[in-house]
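The structure file upload-v7.cif is reproduced below (mmCIF, C-alpha atoms).
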```cif
data_my_file
loop_
_atom_site.group_PDB
_atom_site.id
_atom_site.type_symbol
_atom_site.label_atom_id
_atom_site.label_comp_id
_atom_site.auth_asym_id
_atom_site.auth_seq_id
_atom_site.Cartn_x
_atom_site.Cartn_y
_atom_site.Cartn_z
ATOM 1 C CA MET P 261 -2.002 37.427 -57.486
ATOM 2 C CA ALA P 262 -2.094 34.963 -54.540
ATOM 3 C CA ASN P 263 -4.787 36.791 -52.605
ATOM 4 C CA SER P 264 -6.992 37.784 -55.541
ATOM 5 C CA LEU P 265 -10.732 37.962 -54.845
ATOM 6 C CA ARG P 266 -12.556 34.688 -55.451
ATOM 7 C CA LYS P 267 -16.025 35.696 -54.375
ATOM 8 C CA VAL P 268 -17.770 38.091 -51.997
ATOM 9 C CA VAL P 269 -19.515 36.376 -49.083
ATOM 10 C CA SER P 270 -21.242 37.849 -46.037
ATOM 11 C CA SER P 271 -21.629 34.840 -43.713
ATOM 12 C CA VAL P 272 -19.386 31.981 -42.616
ATOM 13 C CA ILE P 273 -20.530 28.483 -41.596
ATOM 14 C CA LEU P 274 -17.987 26.445 -39.676
ATOM 15 C CA ASP P 275 -17.741 22.785 -38.794
ATOM 16 C CA LEU P 276 -16.587 21.968 -35.257
ATOM 17 C CA ASP P 277 -14.760 18.642 -34.827
ATOM 18 C CA GLY P 278 -11.511 18.571 -36.776
ATOM 19 C CA THR P 279 -12.049 22.121 -38.036
ATOM 20 C CA LEU P 280 -12.087 24.220 -34.863
ATOM 21 C CA LEU P 281 -11.343 21.533 -32.269
ATOM 22 C CA ASN P 282 -8.620 18.892 -32.246
ATOM 23 C CA THR P 283 -11.107 16.083 -31.623
ATOM 24 C CA ASP P 284 -9.208 13.446 -33.601
ATOM 25 C CA GLY P 285 -6.581 13.043 -30.899
ATOM 26 C CA ILE P 286 -9.242 12.463 -28.236
ATOM 27 C CA VAL P 287 -10.993 9.890 -30.445
ATOM 28 C CA SER P 288 -7.753 7.942 -30.824
ATOM 29 C CA ASP P 289 -6.991 8.101 -27.106
ATOM 30 C CA VAL P 290 -10.462 6.862 -26.131
ATOM 31 C CA LEU P 291 -10.555 4.061 -28.703
ATOM 32 C CA LYS P 292 -7.088 2.836 -27.746
ATOM 33 C CA VAL P 293 -8.381 2.214 -24.226
ATOM 34 C CA TYR P 294 -11.851 0.988 -25.169
ATOM 35 C CA LEU P 295 -10.853 -1.616 -27.767
ATOM 36 C CA VAL P 296 -8.608 -3.415 -25.275
ATOM 37 C CA LYS P 297 -11.831 -4.603 -23.635
ATOM 38 C CA TYR P 298 -12.481 -6.709 -26.724
ATOM 39 C CA GLY P 299 -8.890 -7.784 -27.271
ATOM 40 C CA LYS P 300 -8.414 -5.323 -30.123
ATOM 41 C CA GLN P 301 -5.760 -2.700 -30.743
ATOM 42 C CA TRP P 302 -6.564 0.700 -32.232
ATOM 43 C CA GLU P 303 -4.456 1.156 -35.340
ATOM 44 C CA GLY P 304 -6.088 4.268 -36.683
ATOM 45 C CA LYS P 305 -7.146 2.405 -39.794
ATOM 46 C CA THR P 306 -10.741 3.528 -39.330
ATOM 47 C CA ALA P 307 -9.868 7.209 -38.914
ATOM 48 C CA GLN P 308 -10.447 8.114 -42.547
ATOM 49 C CA ARG P 309 -13.807 6.338 -42.555
ATOM 50 C CA ILE P 310 -15.188 8.082 -39.475
ATOM 51 C CA VAL P 311 -14.044 11.673 -40.033
ATOM 52 C CA GLY P 312 -17.051 13.866 -40.689
ATOM 53 C CA LYS P 313 -19.579 11.068 -40.209
ATOM 54 C CA THR P 314 -22.563 11.052 -37.867
ATOM 55 C CA PRO P 315 -21.990 9.322 -34.501
ATOM 56 C CA SER P 316 -24.017 6.259 -35.566
ATOM 57 C CA GLU P 317 -22.157 5.970 -38.884
ATOM 58 C CA ALA P 318 -18.789 6.262 -37.129
ATOM 59 C CA ALA P 319 -19.789 3.634 -34.563
ATOM 60 C CA ALA P 320 -20.927 1.263 -37.310
ATOM 61 C CA ALA P 321 -17.576 1.624 -39.071
ATOM 62 C CA ILE P 322 -15.673 0.811 -35.866
ATOM 63 C CA VAL P 323 -17.832 -2.279 -35.175
ATOM 64 C CA GLU P 324 -17.272 -3.490 -38.732
ATOM 65 C CA ASP P 325 -13.553 -2.767 -39.037
ATOM 66 C CA TYR P 326 -12.655 -4.285 -35.684
ATOM 67 C CA GLU P 327 -15.215 -7.104 -35.886
ATOM 68 C CA LEU P 328 -16.641 -6.268 -32.472
ATOM 69 C CA PRO P 329 -19.201 -8.752 -31.107
ATOM 70 C CA ILE P 330 -21.657 -6.000 -30.205
ATOM 71 C CA PRO P 331 -24.310 -3.964 -32.024
ATOM 72 C CA THR P 332 -23.673 -0.343 -32.914
ATOM 73 C CA ASP P 333 -26.056 0.923 -30.222
ATOM 74 C CA THR P 334 -24.075 -0.892 -27.521
ATOM 75 C CA LEU P 335 -20.814 0.617 -28.714
ATOM 76 C CA MET P 336 -22.333 4.103 -28.664
ATOM 77 C CA SER P 337 -23.757 3.702 -25.161
ATOM 78 C CA GLU P 338 -20.480 2.308 -23.796
ATOM 79 C CA ILE P 339 -18.182 4.827 -25.418
ATOM 80 C CA TYR P 340 -20.240 7.998 -24.980
ATOM 81 C CA PRO P 341 -19.329 8.508 -21.284
ATOM 82 C CA LEU P 342 -15.644 8.074 -22.158
ATOM 83 C CA PHE P 343 -15.845 10.870 -24.700
ATOM 84 C CA CYS P 344 -17.811 13.128 -22.347
ATOM 85 C CA ASP P 345 -15.019 12.842 -19.791
ATOM 86 C CA GLN P 346 -12.609 14.249 -22.390
ATOM 87 C CA TRP P 347 -14.581 17.263 -23.679
ATOM 88 C CA GLY P 348 -12.667 19.648 -21.435
ATOM 89 C CA SER P 349 -9.338 18.335 -22.741
ATOM 90 C CA ILE P 350 -9.996 19.085 -26.399
ATOM 91 C CA LYS P 351 -7.872 21.994 -27.544
ATOM 92 C CA ALA P 352 -8.631 24.524 -30.234
ATOM 93 C CA LEU P 353 -6.823 23.883 -33.489
ATOM 94 C CA PRO P 354 -4.208 26.375 -34.708
ATOM 95 C CA GLY P 355 -5.893 29.549 -35.885
ATOM 96 C CA ALA P 356 -9.362 28.735 -34.517
ATOM 97 C CA ASN P 357 -9.449 31.362 -31.781
ATOM 98 C CA ARG P 358 -7.829 33.903 -34.086
ATOM 99 C CA LEU P 359 -10.429 33.338 -36.808
ATOM 100 C CA ILE P 360 -13.461 33.413 -34.508
ATOM 101 C CA LYS P 361 -12.258 36.576 -32.779
ATOM 102 C CA HIS P 362 -11.488 38.248 -36.127
ATOM 103 C CA LEU P 363 -14.847 37.501 -37.742
ATOM 104 C CA ARG P 364 -16.796 38.422 -34.634
ATOM 105 C CA GLY P 365 -14.847 41.652 -34.264
ATOM 106 C CA HIS P 366 -15.799 42.654 -37.793
ATOM 107 C CA GLY P 367 -19.458 41.757 -37.367
ATOM 108 C CA VAL P 368 -19.403 38.802 -39.768
ATOM 109 C CA LYS P 369 -22.343 36.469 -39.157
ATOM 110 C CA MET P 370 -21.233 32.969 -38.178
ATOM 111 C CA ALA P 371 -22.962 29.623 -37.787
ATOM 112 C CA LEU P 372 -21.691 26.367 -36.316
ATOM 113 C CA ALA P 373 -22.960 23.273 -38.142
ATOM 114 C CA SER P 374 -21.788 19.861 -36.954
ATOM 115 C CA ASN P 375 -22.903 16.254 -37.326
ATOM 116 C CA SER P 376 -22.511 15.936 -33.551
ATOM 117 C CA PRO P 377 -25.669 16.201 -31.417
ATOM 118 C CA ARG P 378 -26.501 19.757 -30.346
ATOM 119 C CA ALA P 379 -25.946 18.939 -26.651
ATOM 120 C CA ASN P 380 -22.451 17.645 -27.385
ATOM 121 C CA ILE P 381 -21.620 20.784 -29.348
ATOM 122 C CA GLU P 382 -22.726 22.965 -26.451
ATOM 123 C CA ASP P 383 -20.627 20.923 -24.004
ATOM 124 C CA LYS P 384 -17.500 21.081 -26.149
ATOM 125 C CA ILE P 385 -17.564 24.808 -26.866
ATOM 126 C CA SER P 386 -18.382 25.654 -23.230
ATOM 127 C CA TYR P 387 -14.696 25.092 -22.463
ATOM 128 C CA HIS P 388 -13.675 27.800 -24.943
ATOM 129 C CA PRO P 389 -14.521 31.300 -23.685
ATOM 130 C CA GLY P 390 -16.298 33.529 -26.165
ATOM 131 C CA TRP P 391 -17.134 30.828 -28.672
ATOM 132 C CA LYS P 392 -20.835 30.310 -27.967
ATOM 133 C CA GLU P 393 -21.576 34.046 -28.043
ATOM 134 C CA SER P 394 -19.754 34.389 -31.361
ATOM 135 C CA PHE P 395 -22.168 32.171 -33.284
ATOM 136 C CA SER P 396 -25.570 33.492 -34.270
ATOM 137 C CA VAL P 397 -26.635 29.947 -35.131
ATOM 138 C CA ILE P 398 -25.635 26.518 -33.788
ATOM 139 C CA ILE P 399 -27.061 23.384 -35.423
ATOM 140 C CA GLY P 400 -26.377 19.759 -34.502
ATOM 141 C CA GLY P 401 -26.846 16.636 -36.554
ATOM 142 C CA ASP P 402 -29.823 15.651 -34.395
ATOM 143 C CA GLN P 403 -31.679 18.796 -35.499
ATOM 144 C CA VAL P 404 -31.888 17.789 -39.168
ATOM 145 C CA THR P 405 -33.303 14.712 -40.883
ATOM 146 C CA ALA P 406 -29.993 13.799 -42.548
ATOM 147 C CA GLY P 407 -26.432 14.653 -41.599
ATOM 148 C CA LYS P 408 -23.535 15.471 -43.908
ATOM 149 C CA PRO P 409 -22.952 14.729 -46.772
ATOM 150 C CA SER P 410 -26.585 15.810 -47.102
ATOM 151 C CA PRO P 411 -26.715 19.584 -47.711
ATOM 152 C CA GLU P 412 -29.604 19.988 -45.260
ATOM 153 C CA ILE P 413 -27.583 21.188 -42.273
ATOM 154 C CA PHE P 414 -25.836 23.913 -44.272
ATOM 155 C CA LEU P 415 -29.039 25.025 -45.985
ATOM 156 C CA GLU P 416 -30.708 25.278 -42.580
ATOM 157 C CA ALA P 417 -27.742 27.241 -41.193
ATOM 158 C CA ALA P 418 -27.919 29.706 -44.087
ATOM 159 C CA LYS P 419 -31.679 30.058 -43.585
ATOM 160 C CA ARG P 420 -31.283 30.823 -39.873
ATOM 161 C CA LEU P 421 -28.554 33.348 -40.687
ATOM 162 C CA ASN P 422 -30.999 35.037 -43.090
ATOM 163 C CA SER P 423 -28.384 34.561 -45.787
ATOM 164 C CA ASP P 424 -28.654 33.133 -49.256
ATOM 165 C CA PRO P 425 -26.467 30.008 -49.567
ATOM 166 C CA SER P 426 -24.589 31.685 -52.421
ATOM 167 C CA SER P 427 -23.463 34.439 -50.036
ATOM 168 C CA CYS P 428 -22.070 31.994 -47.466
ATOM 169 C CA LEU P 429 -18.675 30.353 -47.049
ATOM 170 C CA VAL P 430 -18.313 26.896 -45.474
ATOM 171 C CA ILE P 431 -15.084 25.884 -43.720
ATOM 172 C CA GLU P 432 -14.765 22.122 -43.312
ATOM 173 C CA ASP P 433 -12.179 19.444 -42.533
ATOM 174 C CA SER P 434 -13.957 16.341 -43.848
ATOM 175 C CA ILE P 435 -14.913 15.045 -47.263
ATOM 176 C CA PRO P 436 -18.572 14.512 -46.227
ATOM 177 C CA GLY P 437 -18.602 18.126 -45.051
ATOM 178 C CA VAL P 438 -17.157 19.406 -48.309
ATOM 179 C CA MET P 439 -19.693 17.359 -50.271
ATOM 180 C CA ALA P 440 -22.520 18.775 -48.148
ATOM 181 C CA GLY P 441 -21.366 22.346 -48.682
ATOM 182 C CA LYS P 442 -21.061 21.978 -52.440
ATOM 183 C CA ALA P 443 -24.436 20.223 -52.647
ATOM 184 C CA ALA P 444 -25.915 23.225 -50.835
ATOM 185 C CA GLY P 445 -24.508 25.541 -53.491
ATOM 186 C CA ILE P 446 -21.995 27.092 -51.112
ATOM 187 C CA GLU P 447 -18.311 27.885 -51.623
ATOM 188 C CA VAL P 448 -16.145 25.600 -49.463
ATOM 189 C CA VAL P 449 -12.686 25.995 -47.976
ATOM 190 C CA ALA P 450 -11.283 22.624 -46.887
ATOM 191 C CA VAL P 451 -8.821 22.219 -44.030
ATOM 192 C CA PRO P 452 -8.081 18.459 -44.138
ATOM 193 C CA SER P 453 -7.774 17.015 -40.637
ATOM 194 C CA LEU P 454 -6.002 13.841 -41.752
ATOM 195 C CA PRO P 455 -2.408 14.051 -42.988
ATOM 196 C CA LYS P 456 -1.548 13.689 -46.652
ATOM 197 C CA GLN P 457 -5.177 13.669 -47.818
ATOM 198 C CA SER P 458 -5.364 17.022 -49.628
ATOM 199 C CA HIS P 459 -5.547 15.328 -53.024
ATOM 200 C CA LEU P 460 -8.954 13.888 -52.094
ATOM 201 C CA TYR P 461 -10.533 17.334 -51.674
ATOM 202 C CA THR P 462 -10.743 18.249 -55.350
ATOM 203 C CA SER P 463 -14.360 19.400 -55.071
ATOM 204 C CA ALA P 464 -13.472 22.105 -52.530
ATOM 205 C CA ASP P 465 -13.037 25.650 -53.833
ATOM 206 C CA GLU P 466 -9.830 26.031 -51.826
ATOM 207 C CA VAL P 467 -7.687 23.673 -49.737
ATOM 208 C CA ILE P 468 -5.491 25.103 -46.988
ATOM 209 C CA ASN P 469 -3.088 23.538 -44.518
ATOM 210 C CA SER P 470 -4.580 25.111 -41.391
ATOM 211 C CA LEU P 471 -6.873 27.933 -40.347
ATOM 212 C CA LEU P 472 -3.761 30.085 -39.981
ATOM 213 C CA ASP P 473 -3.492 30.005 -43.775
ATOM 214 C CA LEU P 474 -7.005 31.309 -44.405
ATOM 215 C CA ARG P 475 -7.040 34.647 -46.236
ATOM 216 C CA PRO P 476 -10.505 36.158 -45.631
ATOM 217 C CA GLU P 477 -9.930 38.875 -48.218
ATOM 218 C CA LYS P 478 -10.152 36.206 -50.939
ATOM 219 C CA TRP P 479 -13.819 35.955 -50.018
ATOM 220 C CA GLY P 480 -14.554 39.651 -49.637
ATOM 221 C CA LEU P 481 -14.151 39.540 -45.855
ATOM 222 C CA PRO P 482 -11.936 41.839 -43.756
ATOM 223 C CA PRO P 483 -8.276 40.724 -43.939
ATOM 224 C CA PHE P 484 -6.145 39.797 -40.965
ATOM 225 C CA GLN P 485 -3.714 42.551 -40.026
ATOM 226 C CA ASP P 486 -1.084 40.374 -38.333
ATOM 227 C CA TRP P 487 0.852 39.182 -41.392
ATOM 228 C CA ILE P 488 4.291 40.752 -41.828
ATOM 229 C CA GLU P 489 5.811 40.415 -45.297
ATOM 230 C CA GLY P 490 4.206 37.036 -45.885
ATOM 231 C CA THR P 491 5.139 35.702 -42.454
ATOM 232 C CA LEU P 492 2.729 35.170 -39.575
ATOM 233 C CA PRO P 493 4.064 35.919 -36.070
ATOM 234 C CA ILE P 494 2.900 33.368 -33.495
ATOM 235 C CA GLU P 495 3.256 32.865 -29.771
ATOM 236 C CA PRO P 496 6.724 31.442 -29.006
ATOM 237 C CA TRP P 497 6.951 27.768 -28.174
ATOM 238 C CA HIS P 498 9.844 25.453 -27.455
ATOM 239 C CA VAL P 499 10.914 22.028 -28.613
ATOM 240 C CA GLY P 500 14.279 20.417 -28.012
ATOM 241 C CA GLY P 501 16.202 17.211 -27.763
ATOM 242 C CA PRO P 502 19.030 15.253 -29.305
ATOM 243 C CA VAL P 503 19.709 15.308 -33.017
ATOM 244 C CA ILE P 504 18.928 11.909 -34.499
ATOM 245 C CA LYS P 505 20.319 10.319 -37.619
ATOM 246 C CA GLY P 506 18.149 10.847 -40.672
ATOM 247 C CA PHE P 507 18.541 9.545 -44.195
ATOM 248 C CA GLY P 508 20.735 12.330 -45.532
ATOM 249 C CA ARG P 509 17.965 13.308 -47.909
ATOM 250 C CA GLY P 510 17.516 16.904 -46.783
ATOM 251 C CA SER P 511 21.168 17.777 -47.275
ATOM 252 C CA LYS P 512 21.233 16.254 -50.740
ATOM 253 C CA VAL P 513 18.104 18.063 -51.920
ATOM 254 C CA LEU P 514 18.750 21.429 -50.246
ATOM 255 C CA GLY P 515 22.500 21.469 -50.574
ATOM 256 C CA ILE P 516 22.878 22.498 -46.916
ATOM 257 C CA PRO P 517 23.088 20.442 -43.714
ATOM 258 C CA THR P 518 19.833 19.708 -41.886
ATOM 259 C CA ALA P 519 19.186 18.222 -38.459
ATOM 260 C CA ASN P 520 16.388 15.851 -37.456
ATOM 261 C CA LEU P 521 15.166 16.269 -33.890
ATOM 262 C CA SER P 522 13.649 13.376 -31.969
ATOM 263 C CA THR P 523 9.847 13.683 -31.646
ATOM 264 C CA GLU P 524 9.781 11.431 -28.589
ATOM 265 C CA GLY P 525 7.700 13.092 -25.904
ATOM 266 C CA TYR P 526 6.486 15.830 -28.248
ATOM 267 C CA SER P 527 3.610 14.117 -30.076
ATOM 268 C CA THR P 528 0.962 16.098 -28.174
ATOM 269 C CA LEU P 529 2.800 19.395 -28.669
ATOM 270 C CA LEU P 530 3.237 18.754 -32.385
ATOM 271 C CA SER P 531 -0.469 17.979 -32.765
ATOM 272 C CA GLU P 532 -1.203 21.467 -31.441
ATOM 273 C CA HIS P 533 0.831 23.167 -34.167
ATOM 274 C CA SER P 534 0.166 23.104 -37.869
ATOM 275 C CA SER P 535 2.616 21.758 -40.383
ATOM 276 C CA GLY P 536 4.780 24.381 -42.007
ATOM 277 C CA VAL P 537 8.054 26.238 -41.967
ATOM 278 C CA TYR P 538 8.885 28.071 -38.754
ATOM 279 C CA PHE P 539 11.479 30.792 -38.220
ATOM 280 C CA GLY P 540 13.142 31.157 -34.863
ATOM 281 C CA TRP P 541 16.242 30.519 -32.807
ATOM 282 C CA ALA P 542 18.198 27.375 -32.034
ATOM 283 C CA GLY P 543 20.489 26.889 -29.090
ATOM 284 C CA LEU P 544 23.443 24.555 -29.529
ATOM 285 C CA SER P 545 25.026 23.512 -26.259
ATOM 286 C CA THR P 546 28.591 23.984 -27.502
ATOM 287 C CA ARG P 547 28.103 26.733 -30.074
ATOM 288 C CA GLY P 548 25.573 29.280 -28.787
ATOM 289 C CA VAL P 549 22.278 30.586 -30.217
ATOM 290 C CA TYR P 550 21.663 30.995 -33.951
ATOM 291 C CA LYS P 551 18.958 31.864 -36.425
ATOM 292 C CA MET P 552 17.025 28.802 -37.474
ATOM 293 C CA VAL P 553 14.409 27.570 -39.935
ATOM 294 C CA MET P 554 12.446 24.496 -38.884
ATOM 295 C CA SER P 555 10.114 22.334 -40.924
ATOM 296 C CA ILE P 556 7.357 20.448 -39.118
ATOM 297 C CA GLY P 557 5.177 17.989 -40.981
ATOM 298 C CA TRP P 558 4.870 14.687 -42.760
ATOM 299 C CA ASN P 559 7.019 15.805 -45.682
ATOM 300 C CA LEU P 560 5.042 14.640 -48.701
ATOM 301 C CA TYR P 561 8.179 14.659 -50.824
ATOM 302 C CA PHE P 562 9.698 11.852 -48.768
ATOM 303 C CA ASP P 563 6.372 10.209 -47.838
ATOM 304 C CA ASN P 564 6.979 10.261 -44.084
ATOM 305 C CA THR P 565 4.453 8.305 -42.000
ATOM 306 C CA GLU P 566 4.618 10.628 -38.978
ATOM 307 C CA LYS P 567 5.302 14.255 -38.240
ATOM 308 C CA THR P 568 8.987 15.072 -38.210
ATOM 309 C CA ILE P 569 11.059 18.020 -37.058
ATOM 310 C CA VAL P 570 13.830 19.095 -39.405
ATOM 311 C CA SER P 571 15.838 22.250 -38.847
ATOM 312 C CA THR P 572 18.568 24.203 -40.539
ATOM 313 C CA VAL P 573 20.801 26.479 -38.508
ATOM 314 C CA TRP P 574 22.796 29.335 -40.006
ATOM 315 C CA ILE P 575 26.217 29.528 -38.416
ATOM 316 C CA LEU P 576 28.518 32.331 -39.464
ATOM 317 C CA VAL P 577 32.093 31.153 -39.325
ATOM 318 C CA VAL P 578 34.663 33.931 -38.984
ATOM 319 C CA THR P 579 38.247 33.116 -39.910
#
```
What would you get if you wrote out this structure as structure tokens?
Amino acid sequence: MANSLRKVVSSVILDLDGTLLNTDGIVSDVLKVYLVKYGKQWEGKTAQRIVGKTPSEAAAAIVEDYELPIPTDTLMSEIYPLFCDQWGSIKALPGANRLIKHLRGHGVKMALASNSPRANIEDKISYHPGWKESFSVIIGGDQVTAGKPSPEIFLEAAKRLNSDPSSCLVIEDSIPGVMAGKAAGIEVVAVPSLPKQSHLYTSADEVINSLLDLRPEKWGLPPFQDWIEGTLPIEPWHVGGPVIKGFGRGSKVLGIPTANLSTEGYSTLLSEHSSGVYFGWAGLSTRGVYKMVMSIGWNLYFDNTEKTIVSTVWILVVT
């Protein structure tokens, strides 16, 4: 049974960056601008190394990978104001608001435990109404002696929640975070923030595509009531554009025609929606409006390097 009980927990400890907030996009935007100063171009090659790390560890990785002629402390002091200017632009990841509201509404104790400094955490969540009041405990990396992957921050969160670690559930996006949770003796649900990295999260107790896929009842928590026959209704959103030539792979595998839509101009919108299969409606300028199924993602089967939009439209032909 897909939603069979795994364990009964009473408290939930959440990471912030990459788990609740789409911080990765802001990091890329800031570094693209900053590295030009040193004649470098951000290629994203350091992304996997810095996810889930402490600020000083992330800065050290950037200095090393891009061979910057400055010490780590200088990089941190120069780049910090650039990040601060962007805090208000960071959007909640798909399912974050839904999850926080659900757990709070059912009286589930929650803690926020992040490698970011406590002041930064407070600044970031201040732009999201209701978040700060929802957490009984908020702990930053500067409030413990060692950040993730050390278990200290999660053990401290459990202590402040008056919960035994074994009765907690950690939700994390990074490998250091997963390692920290497991080292603390806590069950961990991983929501990988980097594409096509799920195979690296073998130590997690469960790996899900996005917070929208979390099934609280697996952990003895109150279930969401918004699923309808295995499908999750979401707020409508729109994407459109010309059909572009693909590789003919979808048609061959599925046995039905598929259409690739251009992602030009939609990179930000796509980053705000999780990968998956969407049901909806498609308007064809010369044919009308039809039922449609659309796949958004990197398509592991074909090893795509960027998110794509592939749709199939059902057209009933009457003769």
List every residue of range 391-453 of chain P that has an atom at most 12 Å from any atom of range 317-324 of chain P, and for each one report the closest atom pair and its distance in Å to one decimal, counting all atoms listed in the file, with rows sorted by chain and then by increasing residue number, as a tab-separated table.
```
residue	atom	partner	partner_atom	distance
P:Gly401	CA	P:Glu317	CA	11.9
P:Ala406	CA	P:Glu317	CA	11.7
P:Gly407	CA	P:Glu317	CA	10.1
P:Lys408	CA	P:Glu317	CA	10.8
P:Pro409	CA	P:Glu317	CA	11.8
P:Pro436	CA	P:Glu317	CA	11.8
```
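For the choices P:Ile435, P:Ile556, P:Val269, P:Ala373, the atom-to-atom distance to Leu521 in chain P is smallest for P:Ile556 when using all atoms listed in the file.
Between CA of Leu529 in chain P and CA of Val293 in chain P lies a distance of 21.0 Å.
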| query | So, counting all atoms listed in the file, which residue among P:His362, P:Ile273, P:Pro341, P:Asp325 is closest to Gln485 in chain P? | reply | P:His362
| task | Taking the file as shown, find all residues satisfying the PyMOL selection byres ((chain P and resi 297) around 12) and write them as a ChimeraX atom specification. | result | /P:290-296,298-302,328-330,335,338-339
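Going from CA of Trp479 in chain P to CA of Arg266 in chain P covers 5.7 Å.
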Give me, as a Markdown table, the closest atom pair and its distance (Å, one decimal) for every residue of range 406-466 of chain P within a cut-off of 12 Å of range 384-396 of chain P, counting all atoms listed in the file, rows sorted by chain and rising number.
```
| residue | atom | partner | partner_atom | distance |
| --- | --- | --- | --- | --- |
| P:Ala417 | CA | P:Ser396 | CA | 9.6 |
| P:Ala418 | CA | P:Ser396 | CA | 10.8 |
| P:Lys419 | CA | P:Ser396 | CA | 11.7 |
| P:Arg420 | CA | P:Ser396 | CA | 8.4 |
| P:Leu421 | CA | P:Ser396 | CA | 7.1 |
| P:Asn422 | CA | P:Ser396 | CA | 10.5 |
| P:Ser423 | CA | P:Ser396 | CA | 11.9 |
```
| range 453-458 of chain P surroundings by all atoms listed in the file, 6 Å radius, close-in-sequence under 2 positions cut, as a PyMOL selection string | chain P and resi 278+433+460-461
| request: Just give me the gap between CA of Arg378 in chain P and CA of Ile360 in chain P in Å, one decimal is fine. | output: 19.3 Å
| remark: Across P:Ala519, P:Met336, P:Leu530, P:Ile431, the smallest distance to Met552 in chain P, with all atoms listed in the file counted, is shown by P:Ala519
| task | Tell me which residues the PyMOL selection byres ((chain P and resi 476) around 10) grabs here, as an NGL selection string. | result | :P and (263 or 265 or 268-269 or 359 or 362-363 or 473-475 or 477-484)
| field | Selection result of the PyMOL selection byres ((chain P and resi 414) around 12) on this file, as an MDAnalysis selection string | value | chainID P and resid 271:275 370:375 397:401 403:404 406:413 415:421 423:426 428:432 437:448
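Near (13.7, 30.2, -36.9), the residues that fall inside 12 Å on the basis of all atoms listed in the file are Thr491, Pro493, Ile494, Pro496, Trp497, His498, Val499, Gly536, Val537, Tyr538, Phe539, Gly540, Trp541, Ala542, Gly543, Val549, Tyr550, Lys551, Met552, Val553, Met554, Ser555, Ile556, Val570, Ser571, Thr572, Val573 and Trp574 of chain P.
Take the candidates P:Glu327, P:Asp289, P:Glu524, P:Glu466 and check each one against Val503 in chain P using all atoms listed in the file; the shortest distance goes to P:Glu524.
Of the residues listed (P:Ala352, P:Ile569, P:Ile488, P:Leu342), P:Ala352 shows the shortest atom-to-atom separation from Leu276 in chain P; distances use all atoms listed in the file.
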| message | Please list as number ranges by chain every residue within 12 Å of Ser531 in chain P, counting all atoms listed in the file and excluding residues in the same chain fewer than 2 positions away. | response | P: 278, 281-286, 350-354, 453-455, 470, 523, 525-529, 533-535, 556-558, 566-568
Store the residues picked out above in a file with C-alpha atoms, as a PDB file, in the coordinates of the input.
```pdb
ATOM      1  CA  GLY P 278     -11.511  18.571 -36.776  1.00  0.00           C
ATOM      2  CA  LEU P 281     -11.343  21.533 -32.269  1.00  0.00           C
ATOM      3  CA  ASN P 282      -8.620  18.892 -32.246  1.00  0.00           C
ATOM      4  CA  THR P 283     -11.107  16.083 -31.623  1.00  0.00           C
ATOM      5  CA  ASP P 284      -9.208  13.446 -33.601  1.00  0.00           C
ATOM      6  CA  GLY P 285      -6.581  13.043 -30.899  1.00  0.00           C
ATOM      7  CA  ILE P 286      -9.242  12.463 -28.236  1.00  0.00           C
ATOM      8  CA  ILE P 350      -9.996  19.085 -26.399  1.00  0.00           C
ATOM      9  CA  LYS P 351      -7.872  21.994 -27.544  1.00  0.00           C
ATOM     10  CA  ALA P 352      -8.631  24.524 -30.234  1.00  0.00           C
ATOM     11  CA  LEU P 353      -6.823  23.883 -33.489  1.00  0.00           C
ATOM     12  CA  PRO P 354      -4.208  26.375 -34.708  1.00  0.00           C
ATOM     13  CA  SER P 453      -7.774  17.015 -40.637  1.00  0.00           C
ATOM     14  CA  LEU P 454      -6.002  13.841 -41.752  1.00  0.00           C
ATOM     15  CA  PRO P 455      -2.408  14.051 -42.988  1.00  0.00           C
ATOM     16  CA  SER P 470      -4.580  25.111 -41.391  1.00  0.00           C
ATOM     17  CA  THR P 523       9.847  13.683 -31.646  1.00  0.00           C
ATOM     18  CA  GLY P 525       7.700  13.092 -25.904  1.00  0.00           C
ATOM     19  CA  TYR P 526       6.486  15.830 -28.248  1.00  0.00           C
ATOM     20  CA  SER P 527       3.610  14.117 -30.076  1.00  0.00           C
ATOM     21  CA  THR P 528       0.962  16.098 -28.174  1.00  0.00           C
ATOM     22  CA  LEU P 529       2.800  19.395 -28.669  1.00  0.00           C
ATOM     23  CA  HIS P 533       0.831  23.167 -34.167  1.00  0.00           C
ATOM     24  CA  SER P 534       0.166  23.104 -37.869  1.00  0.00           C
ATOM     25  CA  SER P 535       2.616  21.758 -40.383  1.00  0.00           C
ATOM     26  CA  ILE P 556       7.357  20.448 -39.118  1.00  0.00           C
ATOM     27  CA  GLY P 557       5.177  17.989 -40.981  1.00  0.00           C
ATOM     28  CA  TRP P 558       4.870  14.687 -42.760  1.00  0.00           C
ATOM     29  CA  GLU P 566       4.618  10.628 -38.978  1.00  0.00           C
ATOM     30  CA  LYS P 567       5.302  14.255 -38.240  1.00  0.00           C
ATOM     31  CA  THR P 568       8.987  15.072 -38.210  1.00  0.00           C
TER      32      THR P 568
END
```
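Distances here use only C-alpha atoms; by that measure, the residue among P:Thr546, P:Ser288, P:Ser349, P:Ser434 closest to Val451 in chain P is P:Ser434.
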Enclose the full set of atoms of range 427-439 of chain P listed in the file within a box whose edges lie along x, y and z, apply 4 Å of padding to each of the six sides, and report centre and edge lengths in Å to one decimal as AutoDock Vina command-line options.
```
--center_x -17.8 --center_y 24.5 --center_z -46.4 --size_x 19.3 --size_y 27.9 --size_z 15.7
```
